[in-house]
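Reproduced below: start.cif, with mmCIF, C-alpha atoms and all ligand atoms.
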data_final
#
loop_
_atom_site.label_atom_id
_atom_site.label_comp_id
_atom_site.auth_asym_id
_atom_site.auth_seq_id
_atom_site.Cartn_x
_atom_site.Cartn_y
_atom_site.Cartn_z
CA MET A 267 -29.83 -11.64 39.02
CA ALA A 268 -30.09 -13.05 35.51
CA ARG A 269 -30.90 -16.74 35.28
CA VAL A 270 -28.04 -18.15 33.22
CA LYS A 271 -27.93 -21.53 31.48
CA ALA A 272 -25.40 -23.11 29.16
CA PHE A 273 -25.77 -25.81 26.50
CA ARG A 274 -22.92 -27.85 25.07
CA ALA A 275 -23.23 -29.46 21.60
CA SER A 276 -22.17 -28.94 18.02
CA ILE A 277 -23.70 -25.55 17.18
CA LEU A 278 -24.54 -24.23 13.70
CA HIS A 279 -26.27 -21.01 12.68
CA CYS A 280 -26.34 -18.47 9.84
CA LEU A 281 -24.97 -14.96 10.14
CA ALA A 282 -26.05 -13.97 6.63
CA ASP A 283 -27.39 -15.49 3.41
CA PRO A 284 -24.95 -18.20 2.31
CA GLY A 285 -26.23 -17.94 -1.27
CA SER A 286 -25.52 -21.02 -3.34
CA ASP A 287 -22.14 -21.45 -1.67
CA THR A 288 -21.47 -24.87 -0.13
CA GLY A 289 -18.66 -23.81 2.20
CA SER A 290 -19.71 -20.36 3.24
CA ASN A 291 -18.48 -17.89 5.83
CA ALA A 292 -22.07 -16.73 6.18
CA VAL A 293 -22.42 -19.54 8.74
CA GLU A 294 -20.79 -20.06 12.09
CA TYR A 295 -20.07 -23.62 13.24
CA PHE A 296 -18.60 -24.91 16.49
CA ASP A 297 -17.92 -28.63 16.42
CA ASP A 298 -17.72 -28.60 20.24
CA GLY A 299 -19.64 -25.47 21.13
CA VAL A 300 -21.37 -23.78 24.04
CA MET A 301 -24.33 -21.46 23.98
CA ILE A 302 -24.94 -19.27 27.01
CA VAL A 303 -28.50 -18.09 27.62
CA ALA A 304 -29.48 -15.43 30.15
CA ASP A 305 -33.14 -14.94 31.04
CA GLY A 306 -34.20 -16.62 27.79
CA PHE A 307 -31.94 -14.57 25.49
CA VAL A 308 -28.71 -15.65 23.81
CA SER A 309 -25.75 -14.03 25.46
CA GLU A 310 -22.90 -15.85 23.73
CA VAL A 311 -21.98 -18.80 21.49
CA GLY A 312 -18.46 -20.04 21.03
CA PRO A 313 -16.04 -22.95 21.32
CA ALA A 314 -16.44 -25.02 24.49
CA GLY A 315 -12.72 -24.80 25.19
CA ALA A 316 -12.91 -21.02 25.45
CA LEU A 317 -16.32 -20.60 27.12
CA LEU A 318 -16.51 -23.43 29.66
CA PRO A 319 -13.71 -22.13 31.90
CA SER A 320 -15.48 -18.76 32.15
CA LEU A 321 -18.72 -20.28 33.50
CA SER A 322 -19.27 -20.03 37.21
CA ASP A 323 -19.99 -23.27 39.07
CA ASP A 324 -23.62 -22.54 39.80
CA ILE A 325 -24.59 -22.22 36.10
CA GLU A 326 -26.86 -24.99 34.85
CA LEU A 327 -24.98 -26.79 32.04
CA THR A 328 -26.91 -29.17 29.77
CA ASN A 329 -24.76 -31.56 27.84
CA PHE A 330 -25.90 -32.41 24.30
CA THR A 331 -22.47 -33.55 23.11
CA GLY A 332 -22.83 -35.61 19.90
CA LYS A 333 -25.93 -33.68 18.88
CA LEU A 334 -26.38 -30.57 16.73
CA ILE A 335 -28.03 -27.36 17.90
CA ILE A 336 -29.54 -25.09 15.24
CA PRO A 337 -31.93 -22.13 15.64
CA GLY A 338 -35.62 -22.97 16.07
CA MET A 339 -37.11 -23.46 12.63
CA ILE A 340 -39.71 -21.07 11.22
CA ASP A 341 -42.71 -22.22 9.18
CA CYS A 342 -43.79 -19.29 7.01
CA HIS A 343 -47.16 -20.70 5.91
CA VAL A 344 -49.36 -23.36 7.49
CA HIS A 345 -53.07 -23.95 8.24
CA TYR A 346 -53.66 -25.34 11.72
CA PRO A 347 -57.35 -26.20 11.09
CA GLN A 348 -56.30 -28.51 8.26
CA ILE A 349 -54.21 -31.00 10.24
CA ASP A 350 -57.10 -33.47 10.21
CA ILE A 351 -57.33 -33.46 6.40
CA ILE A 352 -53.61 -33.79 5.67
CA ALA A 353 -53.06 -36.41 2.94
CA SER A 354 -56.54 -36.23 1.39
CA TYR A 355 -56.62 -37.90 -1.99
CA GLY A 356 -56.97 -36.80 -5.52
CA GLU A 357 -57.80 -33.15 -6.16
CA GLN A 358 -56.11 -29.98 -7.32
CA LEU A 359 -56.55 -26.76 -5.36
CA LEU A 360 -60.11 -25.58 -6.07
CA ASP A 361 -61.74 -29.01 -5.78
CA TRP A 362 -59.55 -29.87 -2.79
CA LEU A 363 -60.81 -26.74 -1.01
CA THR A 364 -64.44 -27.65 -1.69
CA ARG A 365 -64.13 -31.32 -0.91
CA TYR A 366 -61.80 -31.28 2.10
CA ALA A 367 -60.71 -27.88 3.47
CA PHE A 368 -64.00 -26.00 3.71
CA PRO A 369 -65.90 -28.81 5.45
CA VAL A 370 -63.25 -29.28 8.15
CA GLU A 371 -62.91 -25.52 8.70
CA GLY A 372 -66.65 -25.36 9.43
CA LYS A 373 -66.00 -27.25 12.68
CA PHE A 374 -64.03 -24.34 14.13
CA SER A 375 -67.14 -22.44 15.14
CA ASP A 376 -66.82 -24.66 18.23
CA LEU A 377 -64.18 -23.21 20.58
CA SER A 378 -63.55 -26.47 22.41
CA TYR A 379 -62.91 -28.29 19.13
CA ALA A 380 -60.64 -25.45 17.96
CA SER A 381 -58.72 -25.55 21.25
CA GLU A 382 -58.13 -29.28 21.06
CA VAL A 383 -56.77 -28.96 17.50
CA ALA A 384 -54.67 -25.85 18.33
CA ASN A 385 -53.03 -27.61 21.28
CA PHE A 386 -52.24 -30.69 19.21
CA PHE A 387 -50.87 -28.47 16.44
CA ALA A 388 -48.64 -26.40 18.76
CA ASP A 389 -47.17 -29.57 20.25
CA ALA A 390 -46.66 -31.01 16.77
CA LEU A 391 -44.74 -27.90 15.70
CA LEU A 392 -42.45 -28.23 18.71
CA ARG A 393 -41.97 -31.97 18.13
CA ASN A 394 -40.78 -31.05 14.63
CA GLY A 395 -38.37 -28.37 15.84
CA THR A 396 -40.54 -25.47 14.67
CA THR A 397 -40.63 -22.65 17.21
CA THR A 398 -42.29 -19.91 15.13
CA ALA A 399 -45.03 -20.15 12.53
CA LEU A 400 -47.24 -17.91 10.43
CA VAL A 401 -50.57 -19.71 10.65
CA PHE A 402 -53.97 -19.57 8.97
CA SER A 403 -56.87 -19.96 11.41
CA THR A 404 -60.47 -20.04 10.09
CA VAL A 405 -63.10 -17.38 9.57
CA HIS A 406 -64.24 -17.83 13.18
CA PRO A 407 -62.67 -15.38 15.69
CA GLN A 408 -62.68 -18.15 18.31
CA SER A 409 -60.32 -20.20 16.11
CA VAL A 410 -57.81 -17.35 16.49
CA ASP A 411 -58.36 -17.19 20.26
CA ALA A 412 -57.69 -20.95 20.43
CA MET A 413 -54.44 -20.74 18.44
CA PHE A 414 -53.07 -17.72 20.30
CA THR A 415 -53.96 -19.28 23.65
CA ALA A 416 -52.13 -22.52 22.78
CA ALA A 417 -49.06 -20.58 21.59
CA LYS A 418 -49.04 -18.30 24.63
CA GLN A 419 -49.20 -21.27 26.98
CA ARG A 420 -46.02 -22.56 25.34
CA ASN A 421 -44.38 -19.10 25.13
CA MET A 422 -44.04 -19.54 21.35
CA ARG A 423 -43.52 -16.69 18.90
CA LEU A 424 -46.50 -17.22 16.62
CA ILE A 425 -48.51 -15.16 14.15
CA THR A 426 -52.06 -15.92 13.08
CA GLY A 427 -55.26 -14.20 12.05
CA LYS A 428 -58.89 -14.66 11.25
CA VAL A 429 -59.54 -15.74 7.66
CA VAL A 430 -61.73 -13.27 5.84
CA MET A 431 -63.90 -14.44 2.94
CA ASP A 432 -67.26 -13.24 1.69
CA ARG A 433 -67.85 -15.17 -1.55
CA ASN A 434 -67.20 -18.46 -3.35
CA CYS A 435 -67.27 -20.52 -0.16
CA PRO A 436 -69.97 -22.22 1.94
CA GLN A 437 -72.47 -19.91 3.63
CA GLY A 438 -71.35 -20.93 7.13
CA LEU A 439 -67.78 -19.81 6.40
CA ARG A 440 -68.64 -16.34 5.12
CA ASP A 441 -68.22 -12.99 6.79
CA THR A 442 -68.77 -9.59 5.16
CA ALA A 443 -66.57 -6.61 4.41
CA GLU A 444 -67.83 -4.93 7.60
CA SER A 445 -67.73 -7.91 9.97
CA ALA A 446 -64.31 -8.93 8.66
CA TYR A 447 -62.98 -5.45 9.46
CA ARG A 448 -64.63 -5.30 12.89
CA GLU A 449 -63.66 -8.82 14.00
CA SER A 450 -60.11 -8.58 12.68
CA ARG A 451 -59.65 -5.22 14.39
CA GLU A 452 -60.93 -6.60 17.70
CA LEU A 453 -58.51 -9.53 17.43
CA ILE A 454 -55.59 -7.21 16.66
CA GLU A 455 -56.41 -5.11 19.71
CA LYS A 456 -56.75 -8.22 21.84
CA TRP A 457 -53.68 -10.16 20.75
CA HIS A 458 -51.13 -8.28 18.62
CA GLY A 459 -47.96 -7.74 20.64
CA ASP A 460 -49.17 -9.78 23.63
CA ASP A 461 -46.07 -11.69 24.77
CA ARG A 462 -44.62 -13.21 21.60
CA LEU A 463 -47.84 -13.14 19.55
CA GLY A 464 -48.43 -11.22 16.35
CA TYR A 465 -51.50 -10.69 14.21
CA ALA A 466 -51.83 -11.29 10.45
CA ILE A 467 -54.64 -9.78 8.37
CA THR A 468 -55.69 -12.90 6.46
CA PRO A 469 -57.78 -12.62 3.29
CA ARG A 470 -57.86 -16.28 2.18
CA PHE A 471 -57.17 -15.45 -1.49
CA ALA A 472 -58.56 -13.07 -4.08
CA VAL A 473 -61.11 -15.67 -5.23
CA THR A 474 -63.02 -15.65 -1.92
CA SER A 475 -63.18 -11.88 -1.29
CA THR A 476 -65.25 -9.18 -2.95
CA GLU A 477 -63.56 -5.94 -3.88
CA ALA A 478 -65.38 -4.29 -0.95
CA GLN A 479 -63.82 -6.79 1.43
CA LEU A 480 -60.30 -6.43 0.00
CA ALA A 481 -60.72 -2.66 0.31
CA SER A 482 -61.73 -3.02 3.97
CA MET A 483 -58.63 -5.14 4.63
CA GLY A 484 -56.51 -2.48 2.92
CA ARG A 485 -57.94 0.09 5.32
CA LEU A 486 -57.20 -2.15 8.28
CA ALA A 487 -53.64 -2.63 7.04
CA GLN A 488 -53.25 1.14 6.88
CA ASP A 489 -54.65 1.51 10.40
CA PHE A 490 -52.14 -1.05 11.72
CA PRO A 491 -48.89 -0.73 9.76
CA ASP A 492 -46.98 -3.17 11.98
CA VAL A 493 -49.33 -6.16 11.66
CA HIS A 494 -48.63 -8.88 9.11
CA ILE A 495 -50.66 -9.65 5.98
CA HIS A 496 -50.97 -13.29 4.98
CA THR A 497 -52.57 -14.76 1.87
CA HIS A 498 -52.12 -17.03 -1.16
CA LEU A 499 -50.92 -15.88 -4.56
CA ALA A 500 -50.65 -17.53 -7.98
CA GLU A 501 -50.72 -21.12 -6.76
CA ASN A 502 -52.78 -22.87 -9.40
CA LYS A 503 -53.63 -22.21 -13.06
CA ALA A 504 -57.43 -22.58 -12.68
CA GLU A 505 -57.28 -20.28 -9.65
CA GLY A 506 -55.45 -17.68 -11.77
CA ASP A 507 -58.12 -17.92 -14.48
CA LEU A 508 -60.84 -17.29 -11.89
CA VAL A 509 -59.03 -14.25 -10.54
CA ALA A 510 -58.69 -12.83 -14.06
CA GLU A 511 -62.45 -13.36 -14.57
CA GLN A 512 -63.45 -11.85 -11.22
CA PHE A 513 -61.13 -8.84 -11.48
CA PRO A 514 -61.23 -8.08 -15.23
CA TRP A 515 -59.42 -4.77 -14.74
CA SER A 516 -56.37 -6.40 -13.14
CA ARG A 517 -53.01 -6.62 -14.92
CA SER A 518 -52.11 -9.72 -12.92
CA TYR A 519 -53.14 -11.65 -9.80
CA LEU A 520 -50.66 -9.64 -7.72
CA ASP A 521 -52.18 -6.45 -9.09
CA VAL A 522 -55.45 -7.29 -7.28
CA TYR A 523 -53.73 -7.28 -3.89
CA GLN A 524 -51.65 -4.26 -4.83
CA ARG A 525 -54.74 -2.23 -5.76
CA TYR A 526 -55.99 -2.62 -2.20
CA GLY A 527 -52.73 -1.84 -0.42
CA LEU A 528 -52.06 -5.42 0.62
CA VAL A 529 -48.55 -5.67 -0.85
CA ARG A 530 -46.05 -4.17 1.56
CA GLU A 531 -43.50 -4.95 4.28
CA ARG A 532 -44.77 -7.88 6.40
CA SER A 533 -46.99 -9.20 3.59
CA MET A 534 -46.43 -12.94 3.14
CA PHE A 535 -47.61 -14.52 -0.10
CA ALA A 536 -47.73 -18.31 -0.20
CA HIS A 537 -46.77 -20.14 -3.42
CA CYS A 538 -46.10 -17.51 -6.16
CA LEU A 539 -45.74 -20.13 -8.88
CA HIS A 540 -47.20 -18.23 -11.82
CA LEU A 541 -45.78 -14.69 -11.73
CA ASP A 542 -44.30 -12.59 -14.51
CA GLN A 543 -41.27 -10.33 -14.47
CA GLU A 544 -43.28 -7.26 -13.51
CA ASP A 545 -44.79 -9.12 -10.54
CA TRP A 546 -41.36 -10.17 -9.25
CA HIS A 547 -40.16 -6.58 -9.45
CA THR A 548 -43.27 -5.17 -7.81
CA MET A 549 -42.96 -7.59 -4.91
CA ALA A 550 -39.32 -6.66 -4.41
CA GLU A 551 -40.01 -2.94 -4.66
CA LEU A 552 -42.86 -3.11 -2.15
CA LYS A 553 -40.78 -5.33 0.18
CA ALA A 554 -43.26 -8.22 0.30
CA SER A 555 -42.19 -11.78 1.10
CA ILE A 556 -42.81 -15.25 -0.32
CA ALA A 557 -43.42 -18.62 1.35
CA PHE A 558 -42.02 -21.45 -0.80
CA CYS A 559 -44.26 -24.48 -0.13
CA PRO A 560 -42.72 -27.43 -1.96
CA THR A 561 -44.67 -30.38 -0.51
CA SER A 562 -47.97 -28.64 -1.11
CA ASN A 563 -47.03 -27.50 -4.60
CA LEU A 564 -46.20 -31.09 -5.51
CA PHE A 565 -49.09 -32.73 -3.65
CA LEU A 566 -51.76 -30.46 -5.17
CA GLY A 567 -50.07 -30.58 -8.57
CA SER A 568 -49.67 -26.81 -8.55
CA GLY A 569 -46.21 -26.29 -10.03
CA LEU A 570 -42.53 -25.63 -9.35
CA PHE A 571 -41.37 -22.51 -7.50
CA ASP A 572 -38.63 -20.50 -9.23
CA LEU A 573 -36.39 -19.56 -6.30
CA HIS A 574 -33.76 -18.17 -8.64
CA ALA A 575 -36.20 -15.63 -10.12
CA ALA A 576 -37.39 -14.55 -6.66
CA GLU A 577 -33.82 -14.06 -5.46
CA GLN A 578 -32.68 -12.29 -8.61
CA ALA A 579 -35.46 -9.80 -7.97
CA GLY A 580 -34.30 -9.42 -4.35
CA ILE A 581 -37.42 -10.77 -2.62
CA ARG A 582 -37.32 -12.15 0.93
CA VAL A 583 -38.17 -15.87 0.84
CA GLY A 584 -39.04 -18.33 3.61
CA VAL A 585 -40.37 -21.88 3.50
CA GLY A 586 -43.87 -23.06 4.43
CA THR A 587 -45.19 -26.55 5.08
CA ASP A 588 -48.70 -25.45 4.01
CA VAL A 589 -50.28 -28.37 5.85
CA GLY A 590 -52.96 -29.64 4.98
CA GLY A 591 -52.20 -28.99 1.25
CA GLY A 592 -48.64 -29.81 2.33
CA THR A 593 -47.90 -33.30 3.54
CA SER A 594 -45.63 -32.81 6.55
CA LEU A 595 -45.14 -30.38 9.43
CA SER A 596 -41.43 -31.19 9.38
CA MET A 597 -39.31 -28.36 7.99
CA LEU A 598 -36.57 -30.94 7.34
CA THR A 599 -38.89 -32.96 5.11
CA THR A 600 -40.13 -29.78 3.47
CA LEU A 601 -36.59 -28.61 2.67
CA SER A 602 -35.82 -32.04 1.24
CA GLU A 603 -38.71 -31.66 -1.20
CA GLY A 604 -37.58 -28.09 -1.87
CA TYR A 605 -34.16 -29.38 -2.85
CA LYS A 606 -35.76 -31.75 -5.38
CA VAL A 607 -38.09 -29.10 -6.80
CA LEU A 608 -35.12 -26.81 -7.43
CA HIS A 609 -32.96 -29.63 -8.77
CA LEU A 610 -35.66 -30.38 -11.36
CA GLN A 611 -35.21 -26.82 -12.60
CA GLU A 612 -31.43 -27.03 -12.63
CA GLN A 613 -31.21 -24.83 -9.55
CA SER A 614 -29.41 -25.76 -6.37
CA LEU A 615 -30.29 -25.70 -2.69
CA ALA A 616 -27.01 -26.07 -0.85
CA PRO A 617 -27.25 -27.36 2.74
CA PHE A 618 -26.37 -24.05 4.40
CA LYS A 619 -28.79 -22.21 2.15
CA ALA A 620 -31.55 -24.64 3.13
CA LEU A 621 -30.76 -24.00 6.81
CA TYR A 622 -30.91 -20.26 6.11
CA LEU A 623 -34.32 -20.51 4.44
CA ALA A 624 -35.75 -22.23 7.54
CA THR A 625 -34.10 -19.90 10.06
CA LEU A 626 -32.56 -16.45 9.44
CA GLY A 627 -34.02 -16.10 5.93
CA ALA A 628 -37.49 -16.91 7.24
CA ALA A 629 -37.02 -14.47 10.12
CA LYS A 630 -36.20 -11.78 7.54
CA ALA A 631 -39.22 -12.75 5.45
CA LEU A 632 -41.35 -12.17 8.57
CA TYR A 633 -39.47 -8.99 9.53
CA LEU A 634 -38.52 -10.65 12.82
CA GLU A 635 -34.77 -10.90 12.27
CA ASP A 636 -34.08 -8.61 15.22
CA ARG A 637 -35.69 -11.23 17.50
CA ILE A 638 -35.14 -14.72 16.07
CA GLY A 639 -33.39 -16.65 13.29
CA ASN A 640 -29.88 -17.14 14.67
CA PHE A 641 -27.79 -17.01 17.84
CA SER A 642 -26.57 -13.42 17.71
CA ALA A 643 -26.31 -11.97 21.21
CA GLY A 644 -29.65 -10.59 22.38
CA LYS A 645 -31.85 -12.85 20.24
CA GLU A 646 -34.57 -14.98 21.80
CA ALA A 647 -33.06 -18.38 22.60
CA ASP A 648 -35.31 -20.63 20.52
CA PHE A 649 -33.38 -23.66 19.36
CA VAL A 650 -33.57 -27.29 18.27
CA VAL A 651 -31.32 -30.15 19.29
CA LEU A 652 -30.99 -32.51 16.33
CA ASP A 653 -29.82 -36.09 16.70
CA ALA A 654 -28.57 -37.39 13.38
CA LEU A 655 -27.97 -40.80 14.93
CA SER A 656 -31.57 -41.42 16.01
CA ALA A 657 -32.45 -43.16 12.73
CA PRO A 658 -30.35 -46.17 11.71
CA MET A 659 -30.06 -45.23 8.01
CA THR A 660 -28.88 -41.70 8.78
CA ALA A 661 -26.51 -43.02 11.43
CA ARG A 662 -25.00 -45.42 8.90
CA ARG A 663 -24.68 -42.73 6.23
CA LEU A 664 -22.95 -40.42 8.70
CA SER A 665 -20.53 -43.03 9.96
CA HIS A 666 -18.64 -42.21 6.75
CA THR A 667 -18.18 -38.50 7.43
CA ASP A 668 -17.66 -35.83 10.05
CA GLU A 669 -18.07 -32.96 7.59
CA ILE A 670 -20.81 -30.57 8.80
CA THR A 671 -22.19 -29.90 5.30
CA GLU A 672 -22.63 -33.64 4.74
CA THR A 673 -24.16 -34.17 8.18
CA LEU A 674 -26.58 -31.30 7.65
CA PHE A 675 -27.49 -32.44 4.16
CA ALA A 676 -28.21 -36.00 5.33
CA LEU A 677 -30.34 -34.60 8.15
CA LEU A 678 -32.25 -32.48 5.66
CA MET A 679 -32.77 -35.25 3.12
CA MET A 680 -33.58 -38.06 5.56
CA GLY A 681 -34.67 -36.31 8.74
CA ASP A 682 -38.09 -35.61 10.21
CA ASP A 683 -39.55 -35.36 13.72
CA ARG A 684 -37.54 -38.43 14.73
CA SER A 685 -34.39 -36.35 14.28
CA VAL A 686 -35.50 -33.84 16.92
CA ALA A 687 -34.12 -34.73 20.36
CA ALA A 688 -35.39 -31.54 22.01
CA THR A 689 -36.86 -28.13 21.26
CA TYR A 690 -36.23 -25.10 23.47
CA VAL A 691 -38.28 -21.93 23.60
CA MET A 692 -36.55 -18.92 25.15
CA GLY A 693 -34.02 -21.21 26.73
CA ALA A 694 -36.60 -23.50 28.35
CA PRO A 695 -37.39 -27.05 27.22
CA ALA A 696 -40.68 -27.15 25.30
CA TYR A 697 -40.28 -30.66 23.89
CA ILE A 698 -37.98 -33.51 24.86
CA ALA A 699 -38.09 -36.70 22.79
CA SER A 700 -38.83 -39.73 24.93
CA SER A 701 -35.62 -41.37 23.67
CA ALA A 702 -33.64 -38.31 24.87
CA ALA A 703 -35.38 -37.84 28.22
N1 LIG B 801 -55.73 -21.08 -1.49
C1 LIG B 801 -56.81 -20.65 -0.81
N2 LIG B 801 -57.02 -21.37 0.29
C2 LIG B 801 -56.05 -22.30 0.33
C3 LIG B 801 -55.74 -23.34 1.24
O1 LIG B 801 -56.39 -23.57 2.26
N3 LIG B 801 -54.65 -24.09 0.94
C4 LIG B 801 -53.88 -23.86 -0.16
N4 LIG B 801 -52.81 -24.62 -0.40
N5 LIG B 801 -54.17 -22.89 -1.03
C5 LIG B 801 -55.24 -22.11 -0.79
ZN ZN B 802 -52.01 -22.37 2.23
#
I need this file expressed as structure tokens, please.
Amino acid sequence: MARVKAFRASILHCLADPGSDTGSNAVEYFDDGVMIVADGFVSEVGPAGALLPSLSDDIELTNFTGKLIIPGMIDCHVHYPQIDIIASYGEQLLDWLTRYAFPVEGKFSDLSYASEVANFFADALLRNGTTTALVFSTVHPQSVDAMFTAAKQRNMRLITGKVVMDRNCPQGLRDTAESAYRESRELIEKWHGDDRLGYAITPRFAVTSTEAQLASMGRLAQDFPDVHIHTHLAENKAEGDLVAEQFPWSRSYLDVYQRYGLVRERSMFAHCLHLDQEDWHTMAELKASIAFCPTSNLFLGSGLFDLHAAEQAGIRVGVGTDVGGGTSLSMLTTLSEGYKVLHLQEQSLAPFKALYLATLGAAKALYLEDRIGNFSAGKEADFVVLDALSAPMTARRLSHTDEITETLFALLMMGDDRSVAATYVMGAPAYIASSAA
């Protein structure tokens, strides 16, 4: 017998890309809604008036009336080893890596340290309403074991991989073309497809890999066509200059990855701030995806992402917090900064579109839209219960409206982990705020 549960609340999810439309039929909204979950999968969402009478008496009904349920949010680019250097002062990318990121990543040779950080990180994702993430580990295979173990214990859908880098970084953080291939392959065989876990081949960025190493990752990608590829692209001007120097034959930064077969379906490129028209088209043609990382791009002084250009080209786009270059694990906070970045460029980020980028759009960018991203029947029941009234300023703002676009927009602009009353993973509570318990 299926274990059936029902949840009553306002319910909002995307059925398609709402585009720049403010009042779109690409979303489905039930002011007083019910979601029915059977064995961890969505079986139905609809108006409470229609669904409640059909529920048998023995079904567990959780009442979140007054709160808003949305799909679990998806962070398309984040570094778990960097949570202890979040908000480190003063540098742009290359100096920030040398001064802050590389030293902290050195500590992950120690499995017990890695496990402590991975557990904290997984709980922090859930506290922020993030149920799936594409995560950088470090060069150490045990850092990947620690992250997958923490995610598996929480039944989270999570993708990570061992960083590979064999130049331009401290000696203790280097592997080689051969060891990177061997260790990554062993980790794929150990973890990819175990429960809800997926593997990402993770060359840090072109600067820290020799051509031999990029070629070995291209071979691995060919050997395992259904694993993800995860790296950085065109984030910072000085970084771009280095890439042009190190790969003098390349037409562009993207061309380096393309040469080695690393641009394809399930490739996720973080940042993409300094691309030309040919790059946009190549990414679209090869079906690669982009993680828009607004807090990081502002914090590290990297630049402004051109969402319009990416969408005109037809590229799948998700949003990444990019902690520790980014300054918050909250997708709400990150979308708020994304709104401002786009506004500065006379582009818009309508509330439903922002929701899409953190849910169904991100699921598409990760090629996981058949599993997560909205509440279509059969999807995994990962969801967040948002409480717009938990913060006095938001509560006051919303006392003037009951319009869902306004409520959502205020939540996006002002919300953070305090707005999350509960997070559910496959229909089971994974985080309950103490104020909601
Ligand atoms: N490029 C290469 N490594 C990193 C990193 O750790 N963070 C960011 N933001 N960019 C990178
Ligand atoms: Zn990053």
Find the spatial neighbours of Pro658 in chain A, counting only C-alpha atoms, within a cut-off of 12 Å - ignore same-chain residues fewer than 6 positions away - and output them as a ChimeraX atom specification. /A:664-665,680-681,684-685
So which residues fall inside 12 Å of (-22.6, -22.0, 37.9) if we count all atoms listed in the file? Mind giving them as a PDB file with C-alpha atoms, in the frame of the given file?
ATOM      1  CA  ALA A 268     -30.090 -13.050  35.510  1.00  0.00           C
ATOM      2  CA  ARG A 269     -30.900 -16.740  35.280  1.00  0.00           C
ATOM      3  CA  VAL A 270     -28.040 -18.150  33.220  1.00  0.00           C
ATOM      4  CA  LYS A 271     -27.930 -21.530  31.480  1.00  0.00           C
ATOM      5  CA  ALA A 272     -25.400 -23.110  29.160  1.00  0.00           C
ATOM      6  CA  ILE A 302     -24.940 -19.270  27.010  1.00  0.00           C
ATOM      7  CA  LEU A 318     -16.510 -23.430  29.660  1.00  0.00           C
ATOM      8  CA  PRO A 319     -13.710 -22.130  31.900  1.00  0.00           C
ATOM      9  CA  SER A 320     -15.480 -18.760  32.150  1.00  0.00           C
ATOM     10  CA  LEU A 321     -18.720 -20.280  33.500  1.00  0.00           C
ATOM     11  CA  SER A 322     -19.270 -20.030  37.210  1.00  0.00           C
ATOM     12  CA  ASP A 323     -19.990 -23.270  39.070  1.00  0.00           C
ATOM     13  CA  ASP A 324     -23.620 -22.540  39.800  1.00  0.00           C
ATOM     14  CA  ILE A 325     -24.590 -22.220  36.100  1.00  0.00           C
ATOM     15  CA  GLU A 326     -26.860 -24.990  34.850  1.00  0.00           C
ATOM     16  CA  LEU A 327     -24.980 -26.790  32.040  1.00  0.00           C
ATOM     17  CA  THR A 328     -26.910 -29.170  29.770  1.00  0.00           C
TER      18      THR A 328
END
Could you pull out the residues sitting within 8 Å of ligand ZN 802 (chain B), using only C-alpha atoms and all ligand atoms, and write them as a list in words?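 If we count only C-alpha atoms and all ligand atoms, the neighbours of ligand ZN 802 (chain B) turn out to be His343, Val344, His345, Phe402, Thr497, His498, Ala536, Asp588, Val589, Gly590 and Gly591 of chain A.
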One decimal, Å: what's the distance from CA of Glu505 in chain A over to CA of Leu359 in chain A, could you say?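 Separation between CA of Glu505 in chain A and CA of Leu359 in chain A: 7.8 Å.
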At what distance in Å, to one decimal, does CA of Val493 in chain A lie from CA of Arg517 in chain A?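 CA of Arg517 in chain A sits 26.8 Å away from CA of Val493 in chain A.
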